[in-house]
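Text of data-v9.txt, listed as compact mmCIF, C-alpha atoms:
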# COMPACT_ATOMS: atom_id res chain seq x y z
CA MET A 1 -39.06 8.54 -50.75
CA THR A 2 -39.70 11.05 -53.54
CA ALA A 3 -36.55 12.70 -54.92
CA VAL A 4 -36.48 16.47 -54.73
CA SER A 5 -34.84 18.43 -57.54
CA LEU A 6 -32.44 20.97 -56.13
CA GLY A 7 -31.18 22.38 -59.42
CA MET A 8 -32.05 25.64 -61.17
CA PRO A 9 -35.26 27.11 -59.72
CA ALA A 10 -38.31 26.84 -61.94
CA VAL A 11 -39.22 30.44 -61.18
CA PRO A 12 -36.45 33.08 -61.44
CA ALA A 13 -35.55 35.01 -58.32
CA PRO A 14 -37.32 38.37 -58.10
CA PRO A 15 -35.28 41.39 -59.18
CA LEU A 16 -33.31 43.27 -56.54
CA ALA A 17 -35.36 46.40 -57.23
CA GLU A 18 -38.15 47.55 -59.49
CA ARG A 19 -36.84 48.90 -62.79
CA ARG A 20 -36.79 52.68 -62.97
CA ALA A 21 -39.71 53.98 -65.01
CA SER A 22 -38.37 55.48 -68.23
CA ARG A 23 -39.45 56.39 -71.72
CA ARG A 24 -39.05 53.72 -74.38
CA ILE A 25 -37.17 54.25 -77.61
CA GLN A 26 -36.53 51.89 -80.50
CA VAL A 27 -32.98 51.32 -81.67
CA GLY A 28 -33.95 49.44 -84.78
CA PRO A 29 -35.81 46.33 -83.56
CA VAL A 30 -34.30 46.60 -80.06
CA ALA A 31 -36.46 48.39 -77.48
CA VAL A 32 -34.53 50.43 -74.91
CA GLY A 33 -36.20 51.69 -71.74
CA GLY A 34 -39.82 51.49 -70.72
CA GLY A 35 -39.35 48.15 -69.02
CA ALA A 36 -37.66 46.46 -72.00
CA PRO A 37 -34.90 43.96 -71.13
CA VAL A 38 -31.48 45.52 -70.55
CA SER A 39 -29.54 45.18 -73.81
CA VAL A 40 -25.80 44.64 -74.33
CA GLN A 41 -23.77 46.81 -76.69
CA SER A 42 -20.21 46.98 -77.94
CA MET A 43 -18.22 48.99 -80.48
CA THR A 44 -16.21 47.87 -83.48
CA THR A 45 -12.45 48.43 -83.53
CA THR A 46 -12.11 48.38 -87.31
CA ARG A 47 -11.95 51.39 -89.59
CA THR A 48 -15.57 51.88 -90.53
CA SER A 49 -14.52 52.70 -94.08
CA ASP A 50 -13.29 49.09 -94.34
CA ILE A 51 -16.77 47.73 -94.87
CA GLY A 52 -15.78 44.07 -95.11
CA ALA A 53 -13.74 44.06 -91.91
CA THR A 54 -16.38 46.02 -90.03
CA LEU A 55 -19.21 43.69 -91.09
CA GLN A 56 -17.06 40.69 -90.19
CA GLN A 57 -16.50 42.04 -86.70
CA ILE A 58 -20.18 42.87 -86.33
CA ALA A 59 -20.99 39.26 -87.28
CA GLU A 60 -18.58 38.01 -84.61
CA LEU A 61 -20.15 40.32 -82.02
CA THR A 62 -23.63 39.18 -83.02
CA ALA A 63 -22.61 35.54 -82.54
CA THR A 64 -21.30 36.41 -79.07
CA GLY A 65 -24.66 37.90 -78.05
CA CYS A 66 -24.22 41.59 -78.79
CA GLN A 67 -27.58 43.27 -79.48
CA ILE A 68 -26.52 46.76 -80.59
CA VAL A 69 -23.21 47.83 -82.13
CA ARG A 70 -21.61 51.26 -82.42
CA VAL A 71 -19.21 52.26 -85.20
CA ALA A 72 -16.86 55.24 -85.28
CA CYS A 73 -17.33 57.92 -87.93
CA PRO A 74 -14.36 60.33 -87.84
CA THR A 75 -13.97 60.81 -91.62
CA GLN A 76 -16.01 61.24 -94.78
CA ASP A 77 -14.94 57.79 -95.96
CA ASP A 78 -16.43 56.35 -92.77
CA ALA A 79 -19.64 58.30 -93.31
CA ASP A 80 -19.85 57.00 -96.88
CA ALA A 81 -19.64 53.42 -95.60
CA LEU A 82 -22.50 53.74 -93.10
CA ALA A 83 -25.36 53.00 -95.47
CA THR A 84 -23.93 49.64 -96.55
CA ILE A 85 -23.00 48.66 -93.02
CA ALA A 86 -26.37 49.63 -91.58
CA ARG A 87 -28.16 47.70 -94.32
CA LYS A 88 -26.08 44.51 -94.03
CA SER A 89 -25.54 44.33 -90.27
CA GLN A 90 -27.52 41.66 -88.43
CA ILE A 91 -27.97 43.98 -85.43
CA PRO A 92 -28.78 47.72 -85.13
CA VAL A 93 -25.88 50.05 -85.92
CA ILE A 94 -25.27 53.30 -84.02
CA ALA A 95 -23.00 55.91 -85.60
CA ASP A 96 -20.58 57.49 -83.13
CA ILE A 97 -20.09 61.16 -84.03
CA HIS A 98 -17.53 63.60 -82.66
CA PHE A 99 -16.37 67.05 -83.80
CA GLN A 100 -18.31 67.23 -87.09
CA PRO A 101 -22.08 67.89 -87.10
CA LYS A 102 -22.25 67.06 -90.81
CA TYR A 103 -21.64 63.39 -90.02
CA VAL A 104 -24.73 63.36 -87.80
CA PHE A 105 -26.84 64.14 -90.85
CA ALA A 106 -24.90 61.61 -92.92
CA ALA A 107 -25.58 58.88 -90.37
CA ILE A 108 -29.28 59.69 -90.23
CA GLU A 109 -29.54 59.67 -94.01
CA ALA A 110 -27.59 56.38 -94.15
CA GLY A 111 -30.28 54.64 -92.11
CA CYS A 112 -28.33 54.06 -88.91
CA ALA A 113 -30.55 52.81 -86.08
CA ALA A 114 -29.38 55.66 -83.84
CA VAL A 115 -26.71 58.34 -83.60
CA ARG A 116 -24.48 59.07 -80.62
CA VAL A 117 -23.37 62.68 -80.20
CA ASN A 118 -20.95 64.09 -77.66
CA PRO A 119 -21.99 67.66 -76.81
CA GLY A 120 -18.59 68.39 -75.28
CA ASN A 121 -16.62 68.19 -78.51
CA ILE A 122 -18.89 69.07 -81.44
CA LYS A 123 -18.21 72.68 -82.30
CA GLN A 124 -21.31 74.82 -82.73
CA PHE A 125 -23.37 71.70 -82.09
CA ASP A 126 -25.97 73.61 -80.08
CA ASP A 127 -26.65 75.84 -83.10
CA ARG A 128 -27.51 72.79 -85.22
CA VAL A 129 -29.88 71.06 -82.80
CA LYS A 130 -33.01 72.28 -84.59
CA GLU A 131 -31.82 70.81 -87.89
CA ILE A 132 -30.66 67.58 -86.26
CA ALA A 133 -33.94 67.19 -84.38
CA ARG A 134 -35.91 67.66 -87.60
CA ALA A 135 -33.80 65.16 -89.56
CA ALA A 136 -33.87 62.59 -86.73
CA ARG A 137 -37.64 62.95 -86.34
CA ASP A 138 -38.23 62.62 -90.08
CA HIS A 139 -36.21 59.40 -90.20
CA GLY A 140 -37.30 58.00 -86.82
CA THR A 141 -33.69 58.01 -85.59
CA PRO A 142 -33.05 58.17 -81.83
CA ILE A 143 -30.21 60.27 -80.49
CA ARG A 144 -27.88 59.24 -77.67
CA ILE A 145 -26.47 62.19 -75.78
CA GLY A 146 -23.17 60.72 -74.65
CA VAL A 147 -21.32 62.82 -72.07
CA ASN A 148 -17.77 61.73 -71.22
CA ALA A 149 -15.57 62.95 -68.39
CA GLY A 150 -12.63 63.22 -70.78
CA SER A 151 -14.39 65.54 -73.22
CA LEU A 152 -16.57 67.70 -71.00
CA ASP A 153 -17.44 71.18 -72.22
CA ARG A 154 -14.84 73.75 -71.13
CA ARG A 155 -17.50 75.95 -69.54
CA LEU A 156 -18.55 73.16 -67.19
CA LEU A 157 -14.97 72.35 -66.28
CA GLN A 158 -14.47 75.98 -65.34
CA LYS A 159 -17.66 75.97 -63.31
CA TYR A 160 -17.04 72.75 -61.37
CA GLY A 161 -13.26 72.51 -61.52
CA ARG A 162 -13.33 68.91 -62.79
CA ALA A 163 -15.69 66.29 -64.17
CA THR A 164 -17.94 65.92 -61.13
CA PRO A 165 -21.26 64.04 -61.18
CA GLU A 166 -23.00 67.39 -61.18
CA ALA A 167 -21.00 68.57 -64.19
CA LEU A 168 -21.75 65.39 -66.19
CA VAL A 169 -25.47 65.56 -65.43
CA GLU A 170 -25.72 69.27 -66.18
CA SER A 171 -24.10 68.74 -69.56
CA ALA A 172 -26.50 65.93 -70.48
CA LEU A 173 -29.64 67.69 -69.31
CA TRP A 174 -28.67 70.93 -71.02
CA GLU A 175 -28.26 69.15 -74.33
CA ALA A 176 -31.52 67.24 -73.84
CA SER A 177 -33.30 70.51 -73.14
CA LEU A 178 -32.16 71.90 -76.49
CA PHE A 179 -33.77 68.96 -78.28
CA GLU A 180 -36.87 69.30 -76.12
CA GLU A 181 -37.27 72.91 -77.27
CA HIS A 182 -37.84 71.50 -80.74
CA GLY A 183 -40.22 68.77 -79.56
CA PHE A 184 -37.69 65.95 -79.91
CA ARG A 185 -37.57 63.44 -77.05
CA ASP A 186 -36.46 60.24 -78.77
CA ILE A 187 -33.34 60.35 -76.63
CA LYS A 188 -31.21 58.15 -74.41
CA ILE A 189 -28.43 59.49 -72.22
CA SER A 190 -25.08 58.36 -70.88
CA VAL A 191 -22.79 60.14 -68.40
CA LYS A 192 -19.59 58.12 -68.35
CA HIS A 193 -16.54 58.43 -66.11
CA ASN A 194 -13.55 56.17 -65.51
CA ASP A 195 -14.13 56.30 -61.74
CA PRO A 196 -17.00 53.97 -60.79
CA VAL A 197 -17.93 56.05 -57.73
CA ILE A 198 -18.32 59.26 -59.75
CA MET A 199 -20.13 57.35 -62.49
CA ILE A 200 -22.58 55.74 -60.05
CA ASN A 201 -23.39 59.07 -58.42
CA ALA A 202 -23.86 60.75 -61.79
CA TYR A 203 -26.33 58.13 -62.98
CA ARG A 204 -28.24 58.25 -59.70
CA MET A 205 -28.61 62.01 -60.09
CA LEU A 206 -29.61 61.65 -63.73
CA ALA A 207 -32.17 58.95 -62.92
CA GLU A 208 -33.85 61.34 -60.48
CA ALA A 209 -33.79 64.28 -62.88
CA CYS A 210 -35.32 62.79 -66.05
CA ASP A 211 -37.23 59.86 -67.47
CA TYR A 212 -35.00 59.19 -70.47
CA PRO A 213 -33.59 55.67 -70.87
CA LEU A 214 -30.00 55.44 -69.63
CA HIS A 215 -27.01 53.81 -71.30
CA LEU A 216 -24.55 52.65 -68.63
CA GLY A 217 -20.80 52.68 -69.07
CA VAL A 218 -17.54 53.12 -67.20
CA THR A 219 -15.46 54.86 -69.83
CA GLU A 220 -11.82 53.89 -70.31
CA ALA A 221 -12.32 51.16 -67.71
CA GLY A 222 -8.91 49.66 -68.52
CA PRO A 223 -7.45 46.24 -69.38
CA ALA A 224 -9.66 43.17 -69.22
CA PHE A 225 -9.29 42.31 -65.53
CA GLN A 226 -9.43 45.84 -64.14
CA GLY A 227 -12.15 46.94 -66.54
CA THR A 228 -14.29 43.91 -65.77
CA VAL A 229 -14.10 44.58 -62.03
CA LYS A 230 -14.85 48.29 -62.39
CA SER A 231 -17.75 47.68 -64.75
CA ALA A 232 -19.21 44.89 -62.64
CA VAL A 233 -19.06 47.05 -59.51
CA ALA A 234 -20.63 50.09 -61.18
CA PHE A 235 -23.26 48.24 -63.19
CA GLY A 236 -24.11 45.99 -60.27
CA ALA A 237 -24.72 48.97 -57.99
CA LEU A 238 -26.96 50.77 -60.50
CA LEU A 239 -28.82 47.82 -61.98
CA SER A 240 -29.56 46.49 -58.51
CA GLU A 241 -31.34 49.80 -57.89
CA GLY A 242 -33.30 49.47 -61.14
CA ILE A 243 -31.18 52.08 -62.97
CA GLY A 244 -29.98 51.31 -66.48
CA ASP A 245 -31.58 50.26 -69.76
CA THR A 246 -28.63 49.29 -71.95
CA ILE A 247 -24.95 48.71 -71.17
CA ARG A 248 -21.52 48.71 -72.74
CA VAL A 249 -18.48 47.31 -70.95
CA SER A 250 -15.47 49.32 -72.15
CA LEU A 251 -12.32 47.18 -72.10
CA SER A 252 -8.86 47.40 -73.59
CA ALA A 253 -9.60 43.99 -75.08
CA PRO A 254 -11.35 42.54 -78.14
CA PRO A 255 -14.96 43.77 -78.30
CA ALA A 256 -16.33 40.23 -78.05
CA GLU A 257 -14.88 40.12 -74.53
CA GLU A 258 -16.87 43.24 -73.66
CA VAL A 259 -20.05 41.46 -74.72
CA LYS A 260 -19.26 38.33 -72.72
CA VAL A 261 -18.64 40.37 -69.58
CA GLY A 262 -21.79 42.42 -70.11
CA ILE A 263 -23.93 39.33 -70.58
CA GLN A 264 -22.49 37.70 -67.48
CA ILE A 265 -23.15 40.82 -65.39
CA LEU A 266 -26.81 40.77 -66.45
CA ARG A 267 -27.10 37.04 -65.81
CA SER A 268 -25.55 37.39 -62.37
CA LEU A 269 -28.23 39.95 -61.46
CA GLY A 270 -31.07 37.87 -62.87
CA LEU A 271 -31.63 40.41 -65.67
CA LYS A 272 -30.87 37.99 -68.48
CA GLU A 273 -31.90 34.40 -68.92
CA ARG A 274 -29.21 32.04 -67.70
CA ARG A 275 -27.66 29.37 -69.81
CA LEU A 276 -24.61 27.34 -68.90
CA GLU A 277 -23.41 28.27 -65.42
CA ILE A 278 -20.31 26.75 -63.91
CA VAL A 279 -20.02 26.88 -60.14
CA SER A 280 -16.61 26.00 -58.77
CA CYS A 281 -14.69 26.48 -55.57
CA PRO A 282 -11.53 28.60 -55.41
CA SER A 283 -9.68 25.50 -54.18
CA CYS A 284 -7.86 25.22 -50.86
CA GLY A 285 -5.65 22.89 -48.89
CA ARG A 286 -8.55 20.46 -48.48
CA ALA A 287 -8.86 19.83 -52.22
CA GLN A 288 -7.85 16.34 -53.27
CA VAL A 289 -8.03 16.98 -57.01
CA ASP A 290 -6.81 19.70 -59.36
CA VAL A 291 -10.01 21.78 -59.27
CA TYR A 292 -8.66 24.43 -61.64
CA LYS A 293 -7.94 21.86 -64.32
CA LEU A 294 -11.27 20.09 -63.82
CA ALA A 295 -13.21 23.36 -64.04
CA GLU A 296 -11.41 24.45 -67.21
CA GLU A 297 -11.89 21.11 -68.94
CA VAL A 298 -15.58 20.87 -68.04
CA THR A 299 -16.14 24.46 -69.17
CA ALA A 300 -14.39 23.79 -72.49
CA GLY A 301 -16.31 20.54 -72.98
CA LEU A 302 -19.68 22.22 -72.46
CA ASP A 303 -18.88 25.40 -74.37
CA GLY A 304 -21.81 26.43 -76.52
CA MET A 305 -24.45 24.55 -74.55
CA GLU A 306 -27.64 26.61 -74.58
CA VAL A 307 -29.94 24.81 -72.14
CA PRO A 308 -30.40 26.02 -68.52
CA LEU A 309 -28.04 23.70 -66.70
CA ARG A 310 -26.06 24.16 -63.51
CA VAL A 311 -22.97 21.98 -63.21
CA ALA A 312 -20.97 21.81 -59.97
CA VAL A 313 -17.34 20.73 -59.98
CA MET A 314 -16.24 20.31 -56.37
CA GLY A 315 -12.91 19.31 -54.93
CA CYS A 316 -13.34 18.36 -51.27
CA VAL A 317 -15.69 16.60 -48.85
CA VAL A 318 -16.63 19.73 -46.87
CA ASN A 319 -18.82 21.63 -49.37
CA GLY A 320 -18.51 19.26 -52.31
CA PRO A 321 -21.43 16.87 -51.76
CA GLY A 322 -23.80 19.68 -50.78
CA GLU A 323 -22.93 21.90 -53.75
CA ALA A 324 -23.04 18.98 -56.18
CA ARG A 325 -26.41 17.92 -54.79
CA GLU A 326 -27.87 21.41 -55.29
CA ALA A 327 -26.84 21.62 -58.94
CA ASP A 328 -28.54 19.98 -61.91
CA LEU A 329 -25.34 18.05 -62.43
CA GLY A 330 -22.26 17.88 -60.25
CA VAL A 331 -19.27 16.03 -58.97
CA ALA A 332 -17.86 15.76 -55.46
CA SER A 333 -14.23 14.71 -55.85
CA GLY A 334 -11.75 13.13 -53.48
CA ASN A 335 -9.48 10.13 -52.90
CA GLY A 336 -8.92 9.63 -56.61
CA LYS A 337 -12.57 9.36 -57.54
CA GLY A 338 -15.68 11.44 -58.05
CA GLN A 339 -19.31 10.99 -57.07
CA ILE A 340 -21.55 12.12 -59.93
CA PHE A 341 -24.82 13.77 -58.90
CA VAL A 342 -27.81 14.28 -61.22
CA LYS A 343 -30.75 16.30 -59.86
CA GLY A 344 -29.59 15.79 -56.28
CA GLU A 345 -28.93 12.05 -56.40
CA VAL A 346 -25.69 10.07 -56.77
CA VAL A 347 -25.90 8.16 -60.05
CA LYS A 348 -22.39 6.73 -60.19
CA THR A 349 -18.85 6.92 -58.83
CA VAL A 350 -16.01 7.15 -61.35
CA PRO A 351 -12.20 7.34 -61.23
CA GLU A 352 -10.73 10.84 -61.27
CA SER A 353 -9.53 10.29 -64.84
CA LYS A 354 -13.13 9.76 -65.97
CA ILE A 355 -14.76 12.74 -64.21
CA VAL A 356 -14.66 15.20 -67.10
CA GLU A 357 -15.93 12.84 -69.79
CA THR A 358 -18.65 11.52 -67.46
CA LEU A 359 -19.89 15.01 -66.64
CA ILE A 360 -20.00 15.91 -70.30
CA GLU A 361 -21.90 12.69 -71.15
CA GLU A 362 -24.43 13.30 -68.39
CA ALA A 363 -24.84 16.95 -69.41
CA MET A 364 -25.61 15.90 -72.97
CA LYS A 365 -28.23 13.43 -71.71
CA ILE A 366 -29.89 16.13 -69.60
CA ALA A 367 -29.81 18.60 -72.48
CA GLU A 368 -31.35 16.05 -74.84
CA GLN A 369 -34.13 15.28 -72.36
CA MET A 370 -34.80 18.99 -71.82
CA GLU A 371 -35.11 19.45 -75.58
CA LYS A 372 -37.64 16.62 -75.71
CA ASP A 373 -39.57 18.04 -72.75
CA GLY A 374 -39.56 21.56 -74.20
CA THR A 375 -37.73 22.98 -71.17
CA ALA A 376 -34.48 23.87 -72.91
CA SER A 377 -34.97 27.63 -72.85
CA GLY A 378 -32.92 29.49 -70.28
CA GLU A 379 -29.38 29.06 -69.10
CA PRO A 380 -27.41 26.22 -67.62
CA ALA A 381 -25.40 26.71 -64.50
CA VAL A 382 -22.14 24.96 -63.68
CA THR A 383 -20.69 24.92 -60.19
CA VAL A 384 -17.00 24.18 -59.66
CA SER A 385 -15.60 23.79 -56.18

Encoded form (structure tokens):
Amino acid sequence: MTAVSLGMPAVPAPPLAERRASRRIQVGPVAVGGGAPVSVQSMTTTRTSDIGATLQQIAELTATGCQIVRVACPTQDDADALATIARKSQIPVIADIHFQPKYVFAAIEAGCAAVRVNPGNIKQFDDRVKEIARAARDHGTPIRIGVNAGSLDRRLLQKYGRATPEALVESALWEASLFEEHGFRDIKISVKHNDPVIMINAYRMLAEACDYPLHLGVTEAGPAFQGTVKSAVAFGALLSEGIGDTIRVSLSAPPAEEVKVGIQILRSLGLKERRLEIVSCPSCGRAQVDVYKLAEEVTAGLDGMEVPLRVAVMGCVVNGPGEAREADLGVASGNGKGQIFVKGEVVKTVPESKIVETLIEEAMKIAEQMEKDGTASGEPAVTVS
């Protein structure tokens, strides 16, 4: 009887919805919108004027998978540092400008890949749009119009009473229209709110009203756990409808954690190539092994693996054999031992104390074979039950 591989599908699942048609802009070498892959961004937490520390953090973010990075520019010293940072960064740098229009020009002159402006808190910004549009066009610098609920223009707050979806969208479209008057459309837009429901509705309205690429974000999402949930809910809703071209998960946590969450959200929706995926059960009274410990040890042992591999770590006889059989590599544990499955077939049974090292050994064998076969692109999946 011919064995049937039940691991990662050879052809990715189709997207939940067609991507929204949008204009394409270039943020350095990274295309945003126009059908380009959804990119992951973060923001440095260092003082931008500390060039060494900022470049070090950018390097760490790059290693984590960040594709675009934003740096704050609240002072002249920060503005003076932009040219060096933009030149030495491995990924495109966006200057984040608030309050002072002069720093917009400084960022453009410094060679930043894009500039983010917040129309709600730059005084007399509207009067400088013509100059900004000219400078940005001359340098090929895109502009992100970044509207935030916490810094909405006073006139719109008076009109709507609070930061409603309508208020956020009106602010963004008004600012975009000012650039359009001067023939500048190299724009992406964000309309962020800390409430996922308001944020989702705002982006839906914005998606209907324009064809600019959209940067998704739940602003001030909160600590790691809360912020991850809020961002996953909001991004999942919008991306599943084809809305969104680049994302930033905003967490009260190290920026590398933002990138990891963002990447995982995209992978979960089939919008980013999968690598190592661990599938595990939440454990229950049927479990005959310490599933939590097994899952953590297997994850740690396979950390950094880049091939598309799904590993299932299962703890009982109800779902264990089935889940392990459907993974590229898996274990069904119970009664002090574990059955090791490779591509749907049991290859050996080992004592519980040998499960982790056996899984890691088998994973390395599969990875080596995939490298030889030229099928190592993609993402591995690990299932833990």

May I have a table of the residues of range 132-228 of chain A lying at most 10 Å from range 31-51 of chain A, giving each one's closest pair of atoms and their distance in Å to one decimal, counting all atoms listed in the file, ordered by chain and ascending residue number, as JSON lines?
{"residue": "A:Lys188", "atom": "CA", "partner": "A:Val32", "partner_atom": "CA", "distance": 8.4}
{"residue": "A:Asp211", "atom": "CA", "partner": "A:Gly33", "partner_atom": "CA", "distance": 9.3}
{"residue": "A:Tyr212", "atom": "CA", "partner": "A:Gly33", "partner_atom": "CA", "distance": 7.7}
{"residue": "A:Pro213", "atom": "CA", "partner": "A:Gly33", "partner_atom": "CA", "distance": 4.8}
{"residue": "A:Leu214", "atom": "CA", "partner": "A:Gly33", "partner_atom": "CA", "distance": 7.5}
{"residue": "A:His215", "atom": "CA", "partner": "A:Val32", "partner_atom": "CA", "distance": 9.0}
{"residue": "A:Leu216", "atom": "CA", "partner": "A:Val40", "partner_atom": "CA", "distance": 9.9}

Please write out, as lines of an AutoDock Vina configuration file, where the centre of an axis-aligned box around all listed atoms of range 32-47 of chain A lies and how long its edges are, in Å to one decimal, after adding 5 Å on each side.
center_x = -25.9
center_y = 47.8
center_z = -79.3
size_x = 37.9
size_y = 17.7
size_z = 30.6

Inset, instruction - Within 10 Å of range 343-354 of chain A, counting all atoms listed in the file, which residues show up once you throw out same-chain ones fewer than 5 positions away? Write them as a ChimeraX atom specification, please. - result: /A:3-8,289-290,294,310,321-338,359,362,366

Inset, instruction - Enter the distance from CA of Ala17 in chain A to CA of Glu273 in chain A, in Å, rounded to one decimal. - result: 17.1 Å

Inset, instruction - Kindly indicate which residue among A:Ser252, A:Thr358, A:Thr164, A:Gln264 lies nearest to Gly301 in chain A, using all atoms listed in the file for the distances. - result: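 For Gly301 in chain A, the nearest of the candidates is A:Thr358.
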